[in-house]
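The structure appears below as structure tokens.
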Amino acid sequence: MKRIYGLDRPWHEGYLRWLGNVVRGDLGRSFSRKQPVTTLIGERIGPTFLISGTALVLAWLLGVPLGLYASARSGMADERATSLLLYVLYSFPTFVAALFLQIVFSVWLRGTPWELPLFGMSDLPADAGWAAWAVDVARHAILPITCQTYVSLAYDSRFIKANMEEAVRQDYIRTARAKGAGTGRVLFHHAFRNTLIPLVTLLGLSLPGLIGGSVIIEQIFTWPGMGRLFFESIRERDYPTIMGLTLMFSVLTLIGQLLADLLYCLVDPRVSVE
Amino acid sequence: MTDSQSRHQSRGFWAEAWARFRRKPLAMAALVFVTLLAAVALLAPAIAGTKPVLCRYKGRIYAPCLGYFDRRLEPTIFAKDRFRGTYPKNLAEKDPDSWAIWPLVFQDPHRAVRENEWPGRPANPAKDEGRPNRINLFGTDQYGVDVFAKMVHGTTIALLVGVVSMGLAGTIGIIVGAVGGYFGGWVDMLTSRVTEIVMCVPTLVLILAVIAIVEKPTIWKTMAIIGATGWTGIARLTRGEFLRLRQSEFVTAARATGAGPVRIMLRHILPNALAPVLVPITFGIASAILTESSLSFLGFGPPPPAASWGSLLNDARSNLSMWWLVVFPGVAIFLTVLAYNLIGEGLQEVTDPRLREARK
């Protein structure tokens, strides 16, 4: 038993052996599931990506216009109301929101067509049709996606507005206004394009979350993704899985930053890969 | 001459900042709210409990309510006389001359109140029947324990988590940032790389991984872990401020008078760098409270009977029809986080000269 798990050797030797296996693409076998860790991760990546990918796209699609709108109407009553609302949303804990949504959609709306399933990814047997399965998964995914979207939406739009406020104070904006460019053109063409660098950084930082998922949301909705895998492996003290996932998160963070660095040249011609 | 000079002396930086902070209604409301919470945390045993705040028993005056802060503070005479935590009946039976000042709400955060424990009052309803009512303001949980009492006593944890863990994070962050920024060179290289490495790992993942290793989790260990992982932003800001300020004239002047590096860092640079550093600390308090409640919510909270707001929410998950188990603690967490965020934002606006100019 000790020999199988390599516990008869000192810990640094075990670590080196683990590192050697990682280089060869072997993350070891899970203690509790008797499966290779790479297989486990492969199974969970898809569901997580479904939630976090959709949430990311939605958050940016809604967040960019909201942020621009807020900076265009800065100081007016409607902007203040929107900003305050976003601020409140930003401080609203996800797990509280998730529980509220669960109560509303599964307890209060029980029996109505609006009722949404609480747990898991699909209730249908494996032989159900493709279309029925897709609809069922979508129904299961609505609540987790909503929870994940609203947090990043609030954060993104506030971030965009803060950067825009910095940008519209620059001299080139005054020049653009002076030469008679319209408000929309000044905001979008002159100011927004100059705030792209911090936005790209933010996008790069969201890469680990995109694949790593959210522990809390996946745990609440028992969504079979990476975050839940991580949580379960901690509960089960499944060290190979914990090690593999932590390694993956760290590598993803690095890749995200590298990607952001590469994207800088795309959004800002002054930066080059030199 | 000196008289007119002192009269015309302008207000100091902090007095100026405070004057501007007071004009922000939202930030002030948040400050009042946090002060109120602190009062609730301090006075928790007097607000909700089953032990008298003050009582006279066999000729002496005791304060059994202190037992809620620490078991050892409860006077031993009551254990000797077999009170077993039930005060009203026992006080009357064992000493007819006794009197007591009771907490505002007679409910216990650790157990259900039994029938006639308070003369003429029914037992707390258990299972999912404990809707909020006149006796149980916020309802009761599955075991009949009063939610209001639990929440009042959980306030201490919520506030302590924020202050203790950010105190730790602030100390580490300021030291690392100050040393790196002041000395520069290879020291800066080293501290910056360490900061970046810690920054790379997602906080919740790191905390969960550490908790998996720690034996016997307590609330203090959780605070220590949150503090030990949350200092990176503070360190980066402090480093930036120190890099900027170490070139200034007053530092050169201090060096000319023969002050050592520690003295220059602490007495000369730090007071000037404190305002921008306080902002991430305040936001950090909000996120520490959020992290602690998510941990408790995931089941990694303080061991019972101590109850944090997050663990109340965890109880609610198994029975969603008990909406009062979600709404009251949820709103409490949300308001506290919001309050700290508002204070942080207010602080940022009144101390950052760049934002101040933008207002005009």
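Following the order of the structure tokens, chains are lettered A, B, ..., residues in each are numbered from 1, and ligands are numbered from 1.
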
Pick out the residues sitting within 10 Å of Asp268 (chain A), and hand them over as a PyMOL selection string; count only C-alpha atoms, and ignore anything fewer than 6 positions along from it in its own chain.
chain A and resi 193-197

Could you turn the residues from that selection into a file that holds N, CA, C and O atoms, as a PDB file, in the first residue's frame?
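Contents of the output file selection.pdb:
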ATOM      1  N   ARG A 193     -11.289  53.405 -27.103  1.00  0.00           N
ATOM      2  CA  ARG A 193     -10.174  52.645 -27.667  1.00  0.00           C
ATOM      3  C   ARG A 193      -8.920  52.772 -26.825  1.00  0.00           C
ATOM      4  O   ARG A 193      -8.066  51.892 -26.840  1.00  0.00           O
ATOM      5  N   ASN A 194      -8.829  53.871 -26.100  1.00  0.00           N
ATOM      6  CA  ASN A 194      -7.652  54.040 -25.249  1.00  0.00           C
ATOM      7  C   ASN A 194      -7.789  53.344 -23.900  1.00  0.00           C
ATOM      8  O   ASN A 194      -6.853  53.333 -23.113  1.00  0.00           O
ATOM      9  N   THR A 195      -8.975  52.800 -23.600  1.00  0.00           N
ATOM     10  CA  THR A 195      -9.118  52.081 -22.334  1.00  0.00           C
ATOM     11  C   THR A 195      -9.036  50.577 -22.564  1.00  0.00           C
ATOM     12  O   THR A 195      -9.301  49.804 -21.660  1.00  0.00           O
ATOM     13  N   LEU A 196      -8.692  50.165 -23.764  1.00  0.00           N
ATOM     14  CA  LEU A 196      -8.724  48.730 -24.069  1.00  0.00           C
ATOM     15  C   LEU A 196      -7.658  47.934 -23.321  1.00  0.00           C
ATOM     16  O   LEU A 196      -7.864  46.769 -23.014  1.00  0.00           O
ATOM     17  N   ILE A 197      -6.522  48.571 -23.020  1.00  0.00           N
ATOM     18  CA  ILE A 197      -5.445  47.805 -22.384  1.00  0.00           C
ATOM     19  C   ILE A 197      -5.847  47.241 -21.024  1.00  0.00           C
ATOM     20  O   ILE A 197      -5.725  46.035 -20.800  1.00  0.00           O
TER      21      ILE A 197
END

For chain B, work out the contacting residues on chain A at 10 Å, counting only C-alpha atoms, and write them as a VMD selection string.
chain A and resid 75 87 to 97 99 to 100 102 to 104 106 to 108 165 to 166 169 205 208 to 209 212 214 to 216 219 to 220 227 230 to 231 233 to 239 242 to 243 245 to 247 249 to 254 257

Those in region 29-212 of chain A with alpha helix (DSSP H) from DSSP, as number ranges by chain
A: 37-72, 77-91, 94-102, 130-167, 171-178, 183-185, 196-205, 207-212

Include C-alpha atoms and write out the residues we just selected as a short mmCIF file (atom, residue, chain, number, x, y, z; two decimals), in the first residue's frame.
data_model
loop_
_atom_site.label_atom_id
_atom_site.label_comp_id
_atom_site.auth_asym_id
_atom_site.auth_seq_id
_atom_site.Cartn_x
_atom_site.Cartn_y
_atom_site.Cartn_z
CA VAL A 37 -6.94 12.74 -12.75
CA THR A 38 -6.65 13.83 -16.39
CA THR A 39 -9.81 11.85 -17.26
CA LEU A 40 -11.67 13.47 -14.36
CA ILE A 41 -10.63 16.95 -15.45
CA GLY A 42 -11.56 16.15 -19.05
CA GLU A 43 -15.07 15.13 -17.98
CA ARG A 44 -15.63 18.29 -15.99
CA ILE A 45 -14.22 20.92 -18.35
CA GLY A 46 -17.22 20.93 -20.70
CA PRO A 47 -19.98 21.64 -18.14
CA THR A 48 -17.90 24.34 -16.46
CA PHE A 49 -17.18 25.99 -19.78
CA LEU A 50 -20.88 25.97 -20.63
CA ILE A 51 -21.63 28.06 -17.53
CA SER A 52 -18.61 30.30 -17.36
CA GLY A 53 -18.25 30.83 -21.11
CA THR A 54 -21.88 31.88 -21.51
CA ALA A 55 -21.65 34.06 -18.42
CA LEU A 56 -18.48 35.72 -19.67
CA VAL A 57 -19.95 36.53 -23.09
CA LEU A 58 -23.20 37.82 -21.56
CA ALA A 59 -21.36 39.93 -18.99
CA TRP A 60 -19.22 41.61 -21.64
CA LEU A 61 -22.09 42.05 -24.09
CA LEU A 62 -24.11 43.84 -21.41
CA GLY A 63 -21.27 45.35 -19.43
CA VAL A 64 -19.51 47.29 -22.20
CA PRO A 65 -22.62 49.21 -23.35
CA LEU A 66 -23.64 49.82 -19.73
CA GLY A 67 -20.22 51.18 -18.84
CA LEU A 68 -20.16 53.41 -21.92
CA TYR A 69 -23.70 54.61 -21.24
CA ALA A 70 -22.76 55.42 -17.64
CA SER A 71 -19.74 57.43 -18.69
CA ALA A 72 -21.71 59.27 -21.39
CA ALA A 77 -29.96 61.21 -12.45
CA ASP A 78 -30.40 58.07 -14.58
CA GLU A 79 -26.66 57.35 -14.55
CA ARG A 80 -26.53 57.70 -10.78
CA ALA A 81 -29.44 55.32 -10.35
CA THR A 82 -27.85 52.75 -12.68
CA SER A 83 -24.46 53.07 -11.04
CA LEU A 84 -25.93 52.70 -7.57
CA LEU A 85 -27.86 49.63 -8.69
CA LEU A 86 -24.72 48.09 -10.19
CA TYR A 87 -22.84 48.91 -7.02
CA VAL A 88 -25.46 47.18 -4.92
CA LEU A 89 -25.34 44.16 -7.26
CA TYR A 90 -21.57 44.13 -6.98
CA SER A 91 -21.79 43.84 -3.20
CA THR A 94 -23.38 35.15 -5.09
CA PHE A 95 -24.43 32.43 -2.70
CA VAL A 96 -27.14 34.62 -1.20
CA ALA A 97 -28.40 35.48 -4.68
CA ALA A 98 -28.29 31.81 -5.65
CA LEU A 99 -30.37 30.83 -2.62
CA PHE A 100 -32.88 33.62 -3.30
CA LEU A 101 -33.22 32.47 -6.91
CA GLN A 102 -33.64 28.87 -5.79
CA TRP A 130 -30.78 15.18 -28.52
CA ALA A 131 -33.13 18.17 -28.66
CA ALA A 132 -34.93 17.27 -25.43
CA TRP A 133 -31.59 16.84 -23.73
CA ALA A 134 -30.37 20.26 -24.89
CA VAL A 135 -33.53 21.96 -23.63
CA ASP A 136 -33.21 20.19 -20.29
CA VAL A 137 -29.58 21.20 -19.86
CA ALA A 138 -30.44 24.79 -20.77
CA ARG A 139 -33.20 24.84 -18.15
CA HIS A 140 -30.74 23.57 -15.57
CA ALA A 141 -28.13 26.10 -16.63
CA ILE A 142 -30.25 29.26 -16.45
CA LEU A 143 -29.90 29.89 -12.72
CA PRO A 144 -26.15 29.20 -12.44
CA ILE A 145 -25.48 31.35 -15.50
CA THR A 146 -27.56 34.20 -14.08
CA CYS A 147 -25.64 34.06 -10.81
CA GLN A 148 -22.29 34.08 -12.49
CA THR A 149 -23.22 36.80 -14.98
CA TYR A 150 -24.51 39.46 -12.62
CA VAL A 151 -21.33 39.62 -10.55
CA SER A 152 -19.01 40.04 -13.52
CA LEU A 153 -21.50 42.35 -15.21
CA ALA A 154 -21.46 44.72 -12.23
CA TYR A 155 -17.69 44.50 -11.96
CA ASP A 156 -16.99 44.94 -15.68
CA SER A 157 -19.24 47.94 -16.21
CA ARG A 158 -17.86 49.70 -13.13
CA PHE A 159 -14.36 48.95 -14.34
CA ILE A 160 -15.11 50.33 -17.79
CA LYS A 161 -16.67 53.46 -16.35
CA ALA A 162 -13.70 54.09 -14.05
CA ASN A 163 -11.29 53.75 -16.97
CA MET A 164 -13.41 55.95 -19.20
CA GLU A 165 -13.48 58.68 -16.57
CA GLU A 166 -9.71 58.58 -16.55
CA ALA A 167 -9.60 58.75 -20.35
CA ASP A 171 -6.07 66.43 -23.59
CA TYR A 172 -6.76 64.49 -26.79
CA ILE A 173 -10.42 64.25 -25.81
CA ARG A 174 -10.60 68.00 -25.48
CA THR A 175 -8.98 68.26 -28.92
CA ALA A 176 -11.50 65.82 -30.37
CA ARG A 177 -14.38 67.80 -28.88
CA ALA A 178 -12.88 71.05 -30.11
CA THR A 183 -20.41 62.77 -28.28
CA GLY A 184 -20.75 59.18 -29.48
CA ARG A 185 -17.73 59.39 -31.73
CA LEU A 196 -8.72 48.73 -24.07
CA ILE A 197 -5.44 47.80 -22.38
CA PRO A 198 -6.81 47.48 -18.85
CA LEU A 199 -9.84 45.69 -20.31
CA VAL A 200 -7.61 43.13 -22.00
CA THR A 201 -5.80 42.61 -18.69
CA LEU A 202 -9.13 41.96 -17.04
CA LEU A 203 -10.04 39.52 -19.79
CA GLY A 204 -6.75 37.69 -19.32
CA LEU A 205 -7.35 37.47 -15.58
CA LEU A 207 -9.21 32.88 -18.03
CA PRO A 208 -8.57 30.76 -14.91
CA GLY A 209 -12.17 31.33 -13.81
CA LEU A 210 -13.41 30.41 -17.27
CA ILE A 211 -11.99 26.90 -17.01
CA GLY A 212 -11.70 26.62 -13.25
#

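Shortest atom-to-atom contact with Ile157 (chain B) among B:Ala92, B:Ala259, B:Ala19, B:Leu42: B:Leu42, counting only C-alpha atoms.
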
Need to verify the contact set: Thr229 (chain B), 8 Å, only C-alpha atoms, exclusion of same-chain residues closer than 6 positions in sequence. Can you return it as a ChimeraX atom specification?
/B:169,198,203,206-207

Let me see the file: selected residues, C-alpha atoms, as a short mmCIF file (atom, residue, chain, number, x, y, z; two decimals), in the first residue's frame.
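Output file part.cif is given in full below:
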data_model
loop_
_atom_site.label_atom_id
_atom_site.label_comp_id
_atom_site.auth_asym_id
_atom_site.auth_seq_id
_atom_site.Cartn_x
_atom_site.Cartn_y
_atom_site.Cartn_z
CA ALA B 169 -2.96 41.33 5.85
CA VAL B 198 0.87 34.62 -4.03
CA THR B 203 -7.79 33.09 -3.04
CA LEU B 206 -5.74 28.57 -1.80
CA ILE B 207 -7.82 28.93 1.36
#

Do a neighbour search on Val279 (chain B) at 12 Å with only C-alpha atoms, toss out local chain neighbours closer than 6 positions, and write the hits as a ChimeraX atom specification.
/B:166,170,233-234,237-238,273,285-286,340-352

Selection near Gly139 (chain B), 12 Å with only C-alpha atoms, sequence-local residues under 5 positions removed, as number ranges by chain
B: 107, 112, 124-134, 144-151, 322-329

Residues within 10 Å of region 69-83 of chain B, only C-alpha atoms, excluding chain neighbours under 5 positions, as a PyMOL selection string
chain B and resi 42+44-45+51+57-58+62-64+88-91+94+153+156

Rounded to one decimal place, report the CA of Ile47 (chain B)-CA of Glu93 (chain B) distance in Å.
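Interatomic distance, CA of Ile47 (chain B) to CA of Glu93 (chain B): 25.0 Å.
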
My list of candidates is B:Pro303, B:Gly173, B:Pro271, B:Gly67. Which is closest to Gly227 (chain B) when distances are computed with only C-alpha atoms?
B:Gly173

I need the strand (DSSP E or B) residues of region 89-297 of chain B per DSSP on the backbone, written as number ranges by chain.
B: 99-101, 105, 140, 146

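Interatomic distance, CA of Leu109 (chain A) to CA of Ser296 (chain B): 28.3 Å.
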